[in-house]
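Colleague: Please find my_file.cif (mmCIF, C-alpha atoms and all ligand atoms) on the next line:
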data_upload
#
loop_
_atom_site.label_atom_id
_atom_site.label_comp_id
_atom_site.auth_asym_id
_atom_site.auth_seq_id
_atom_site.Cartn_x
_atom_site.Cartn_y
_atom_site.Cartn_z
CA MET A 16 -14.92 48.63 22.47
CA ALA A 17 -13.85 45.52 24.37
CA ASP A 18 -11.40 45.91 27.26
CA ILE A 19 -7.82 44.78 26.91
CA THR A 20 -7.08 41.51 28.66
CA PRO A 21 -6.79 41.82 32.46
CA LEU A 22 -3.36 40.18 32.15
CA LEU A 23 -2.20 43.44 30.58
CA ALA A 24 -4.56 45.89 32.25
CA ASP A 25 -3.69 44.69 35.76
CA ARG A 26 0.08 44.51 35.24
CA TRP A 27 2.17 47.03 37.14
CA SER A 28 5.73 47.24 38.35
CA PRO A 29 6.23 47.32 42.12
CA HIS A 30 9.03 49.46 43.53
CA ALA A 31 9.11 47.41 46.73
CA PHE A 32 8.85 43.64 47.05
CA ASP A 33 7.72 41.28 49.79
CA ALA A 34 10.96 39.92 51.22
CA THR A 35 9.13 36.90 52.68
CA HIS A 36 7.61 35.66 49.42
CA VAL A 37 9.04 32.42 48.08
CA ILE A 38 8.70 31.54 44.40
CA SER A 39 8.30 27.88 43.39
CA ASP A 40 10.55 26.04 40.92
CA GLU A 41 7.49 25.45 38.76
CA GLN A 42 6.74 29.17 38.61
CA VAL A 43 10.34 29.93 37.62
CA GLU A 44 10.17 27.30 34.89
CA LEU A 45 6.91 28.76 33.57
CA LEU A 46 8.39 32.26 33.45
CA LEU A 47 11.32 31.01 31.39
CA GLU A 48 9.11 28.85 29.21
CA ALA A 49 6.95 31.91 28.44
CA ALA A 50 10.07 33.84 27.36
CA ARG A 51 11.17 30.88 25.23
CA TRP A 52 7.87 30.99 23.32
CA ALA A 53 8.33 34.59 22.24
CA PRO A 54 8.64 35.28 18.50
CA SER A 55 12.01 36.43 17.21
CA ALA A 56 13.50 37.57 13.90
CA MET A 57 14.47 34.51 11.85
CA ASN A 58 13.59 32.51 14.97
CA ARG A 59 17.10 33.21 16.29
CA GLN A 60 15.96 33.52 19.91
CA PRO A 61 18.97 35.75 20.62
CA TRP A 62 18.35 36.01 24.35
CA SER A 63 19.88 34.45 27.39
CA PHE A 64 18.86 34.73 31.03
CA VAL A 65 20.60 34.29 34.37
CA VAL A 66 17.98 33.48 37.00
CA GLY A 67 18.61 33.65 40.72
CA VAL A 68 16.07 32.66 43.34
CA ARG A 69 16.52 34.24 46.78
CA ASP A 70 19.06 32.45 49.00
CA SER A 71 20.76 30.78 46.03
CA ASP A 72 24.39 31.37 45.02
CA THR A 73 23.20 32.85 41.73
CA PHE A 74 20.99 35.35 43.55
CA ALA A 75 23.97 36.36 45.68
CA ARG A 76 26.09 36.87 42.55
CA LEU A 77 23.34 38.89 40.85
CA ARG A 78 22.99 40.89 44.03
CA THR A 79 26.49 42.30 43.64
CA ALA A 80 25.44 43.97 40.37
CA VAL A 81 22.28 45.40 41.96
CA SER A 82 23.49 46.63 45.36
CA GLY A 83 24.02 50.37 45.36
CA TYR A 84 22.14 50.73 42.06
CA SER A 85 18.61 49.41 42.62
CA ASP A 86 18.49 48.30 46.24
CA TRP A 87 14.69 48.11 46.20
CA ALA A 88 15.05 45.02 43.94
CA LEU A 89 16.97 43.02 46.53
CA ASP A 90 13.76 42.01 48.34
CA ALA A 91 12.35 40.32 45.24
CA SER A 92 12.10 36.54 45.40
CA THR A 93 13.78 36.26 41.99
CA LEU A 94 16.29 38.32 40.07
CA VAL A 95 16.69 37.81 36.33
CA LEU A 96 19.47 39.18 34.16
CA GLY A 97 18.69 39.39 30.44
CA ALA A 98 21.33 39.45 27.71
CA TYR A 99 21.04 39.60 23.94
CA GLU A 100 23.39 38.53 21.18
CA ASN A 101 24.65 41.74 19.63
CA ALA A 102 25.48 40.11 16.30
CA GLY A 103 24.11 39.36 12.86
CA THR A 104 23.30 41.72 10.02
CA ASP A 105 20.97 43.83 12.12
CA PRO A 106 21.52 43.43 15.87
CA ASP A 107 18.74 45.93 16.58
CA TYR A 108 16.37 43.01 16.08
CA ALA A 109 18.15 40.93 18.72
CA LEU A 110 17.54 43.70 21.22
CA TYR A 111 13.93 43.93 20.04
CA ASP A 112 13.55 40.17 20.48
CA LEU A 113 14.94 40.19 24.02
CA GLY A 114 12.37 42.85 24.90
CA GLN A 115 9.60 40.68 23.55
CA ALA A 116 10.84 37.67 25.49
CA VAL A 117 10.83 39.69 28.73
CA ALA A 118 7.36 41.01 27.89
CA HIS A 119 6.18 37.40 27.56
CA MET A 120 7.76 36.66 30.94
CA SER A 121 5.94 39.66 32.45
CA VAL A 122 2.55 38.55 31.17
CA GLN A 123 3.16 35.01 32.40
CA ALA A 124 4.10 36.45 35.80
CA GLU A 125 0.80 38.30 35.91
CA ALA A 126 -1.01 35.04 35.06
CA LEU A 127 0.75 33.43 38.03
CA GLY A 128 -0.24 36.28 40.35
CA LEU A 129 3.34 37.57 40.43
CA HIS A 130 4.72 41.00 39.58
CA VAL A 131 7.78 42.12 37.65
CA ARG A 132 9.71 45.36 37.63
CA GLN A 133 12.31 45.51 34.89
CA PHE A 134 15.30 47.75 35.54
CA ALA A 135 18.25 49.06 33.62
CA THR A 136 19.94 50.60 36.66
CA PHE A 137 22.47 47.96 37.63
CA ASP A 138 26.20 47.41 37.17
CA HIS A 139 26.19 46.16 33.57
CA ALA A 140 29.96 45.65 33.37
CA GLY A 141 30.04 44.00 36.79
CA ALA A 142 27.25 41.59 35.83
CA ALA A 143 29.02 40.72 32.58
CA ARG A 144 32.26 40.04 34.50
CA GLU A 145 30.55 38.01 37.20
CA PHE A 146 28.85 35.67 34.73
CA GLY A 147 31.50 35.66 32.00
CA ILE A 148 29.18 37.32 29.49
CA ALA A 149 31.38 38.50 26.62
CA ALA A 150 30.81 39.99 23.16
CA PRO A 151 28.74 39.45 21.12
CA TRP A 152 26.52 38.88 24.16
CA ARG A 153 25.50 41.94 26.13
CA PRO A 154 23.57 42.06 29.43
CA ILE A 155 21.07 44.88 29.11
CA ILE A 156 18.16 44.40 31.50
CA MET A 157 17.30 42.96 34.86
CA ALA A 158 13.93 42.03 36.28
CA ALA A 159 12.84 41.75 39.90
CA ILE A 160 10.02 39.25 40.28
CA GLY A 161 7.86 38.38 43.25
CA LEU A 162 4.97 39.85 45.21
CA PRO A 163 4.63 43.55 45.98
CA ALA A 164 5.48 44.58 49.52
CA PRO A 165 2.34 45.04 51.64
CA GLY A 166 0.72 48.37 50.85
CA GLN A 167 2.49 48.81 47.51
CA LYS A 168 0.25 50.16 44.76
CA PRO A 169 0.72 51.15 41.13
CA GLU A 170 2.52 54.47 40.95
CA GLY A 171 -0.33 56.97 40.40
CA ALA A 172 -0.79 59.03 37.33
CA LEU A 173 1.91 57.35 35.28
CA HIS A 174 0.13 54.05 35.52
CA GLU A 175 -3.40 55.43 35.32
CA ARG A 176 -2.65 57.31 32.11
CA GLY A 177 -2.42 53.94 30.34
CA CYS A 178 -0.38 55.21 27.44
CA SER A 179 0.70 58.49 25.91
CA GLY A 180 -1.31 60.16 23.18
CA LEU A 181 1.35 59.30 20.65
CA SER A 182 1.52 55.58 21.40
CA ALA A 183 -2.28 55.45 21.77
CA SER A 184 -3.03 57.02 18.44
CA VAL A 185 -4.43 54.84 15.71
CA ALA A 186 -3.97 55.76 12.09
CA GLY A 187 -7.00 56.19 9.84
C1 LIG A 201 13.75 48.83 29.64
C2 LIG A 201 13.23 49.24 31.00
C3 LIG A 201 14.09 49.79 31.92
C4 LIG A 201 13.62 50.16 33.18
N1 LIG A 201 14.51 50.61 34.10
C5 LIG A 201 14.09 50.90 35.35
C6 LIG A 201 15.03 51.29 36.36
O1 LIG A 201 16.23 51.36 36.13
N2 LIG A 201 14.54 51.55 37.59
C7 LIG A 201 13.20 51.45 37.89
O2 LIG A 201 12.82 51.69 39.03
N3 LIG A 201 12.29 51.08 36.95
C8 LIG A 201 12.70 50.79 35.70
N4 LIG A 201 11.80 50.38 34.75
C9 LIG A 201 10.36 50.27 35.10
C10 LIG A 201 9.55 51.42 34.49
O3 LIG A 201 9.92 52.64 35.09
C11 LIG A 201 8.05 51.12 34.62
O4 LIG A 201 7.73 50.01 33.86
C12 LIG A 201 7.22 52.33 34.18
O5 LIG A 201 7.35 53.39 35.11
C13 LIG A 201 5.75 52.03 33.98
O6 LIG A 201 5.19 51.54 35.18
P1 LIG A 201 4.33 50.19 35.14
O7 LIG A 201 5.26 49.09 34.67
O8 LIG A 201 3.86 50.00 36.56
O9 LIG A 201 3.21 50.40 34.17
C14 LIG A 201 12.24 50.00 33.49
C15 LIG A 201 11.38 49.44 32.55
C16 LIG A 201 11.86 49.06 31.32
C17 LIG A 201 10.91 48.42 30.32
#
Please express the file's structure as structure tokens.
Ligand SMILES: Cc1cc2nc3c(=O)[nH]c(=O)nc-3n(C[C@H](O)[C@H](O)[C@H](O)COP(=O)(O)O)c2cc1C
Modeller:
Amino acid sequence: MADITPLLADRWSPHAFDATHVISDEQVELLLEAARWAPSAMNRQPWSFVVGVRDSDTFARLRTAVSGYSDWALDASTLVLGAYENAGTDPDYALYDLGQAVAHMSVQAEALGLHVRQFATFDHAGAAREFGIAAPWRPIIMAAIGLPAPGQKPEGALHERGCSGLSASVAG
């Protein structure tokens, strides 16, 4: 059987980032463009992102929702907040679509030699307040993007296992 693409096989989520790494504007644009190209139900594209590059005002504002929750993420060169539009006949699909858009972003990051760790552990209400995100929009995920801190490696068995028996099983 052929191997899965290295873009997927080599992806892993650092738990510590290189605080000296600087991301370029072009890289940030490519990450967002990759998310924009994701498929979505009825092509609604029900996602929205707040992107803060280190040392920017936006990064500082995102930081307030991360500090005390996921401090390891504060060394990343970019913080991204992802929200979805919790509306329509079946909002489950909006959440599904946001996940796909972030997955696209993650694969594009890998192609650029960058790494992403998504995280749910942040001050959701604080982030919503800070950026005026109100219903039907709902911030649900953040992503730390950059280079791993020196010496960081994929986290052992969890990563090596690839996937669980259940998700790896193929019918037939
Ligand atoms: C929806 C979602 C929420 C996550 N939340 C957190 C989190 O709050 N804190 C954290 O350290 N990692 C978080 N992660 C990262 C996962 O723990 C990580 O992807 C998983 O352990 C697999 O490791 P790998 O990405 O290196 O393969 C989250 C990932 C996803 C997709």
Colleague: Kindly list the centre and edge lengths in Å, rounded to one decimal, for the axis-aligned box that covers all listed atoms of ligand LIG 201 (chain A) plus 8 Å on each of its six sides, as JSON.
Modeller:
{"center_x": 9.7, "center_y": 50.9, "center_z": 34.3, "size_x": 29.0, "size_y": 21.0, "size_z": 25.4}
Colleague: Mind listing the residues within 12 Å of ligand LIG 201 (chain A), all atoms listed in the file counted, as a VMD selection string?
Modeller: chain A and resid 23 to 31 81 84 to 88 97 110 to 111 113 to 118 121 to 122 125 130 to 139 154 to 159 163 167 to 179
Colleague: With distances taken over all atoms listed in the file, which of A:Leu127, A:Met57, A:Ala98, A:Ala164 is nearest to A:Ala150?
Modeller: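 Closest to A:Ala150, using all atoms listed in the file: A:Ala98.
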Colleague: Could you check how far atom CA of A:Phe32 sits from atom CA of A:Pro165, in Å to one decimal?
Modeller: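 We find that atom CA of A:Phe32 and atom CA of A:Pro165 lie 8.1 Å from each other.
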Colleague: Any idea what's packed within 9 Å of stretch 144-149 of chain A, counting all atoms listed in the file, ignoring anything in its chain fewer than 2 positions away? Could you give it as an MDAnalysis selection string?
Modeller: chainID A and resid 65 76:77 79:80 98 139:142 151:154
Colleague: Just how far from atom CA of A:Ala53 is atom CA of A:His36, in Å to one decimal?
Modeller: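 The value is 27.2 Å.
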Colleague: Could you tell me which of A:Thr73, A:Ser63, A:Ala126, A:Ala17 comes closest to A:Ala109 if we count all atoms listed in the file?
Modeller: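 Selected residue with least distance to A:Ala109: A:Ser63.
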Colleague: Can you measure atom CA of A:Met120 to atom CA of A:Trp52 for me? One decimal in Å is fine.
Modeller: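 One can read the atom CA of A:Met120 to atom CA of A:Trp52 distance as 9.5 Å.
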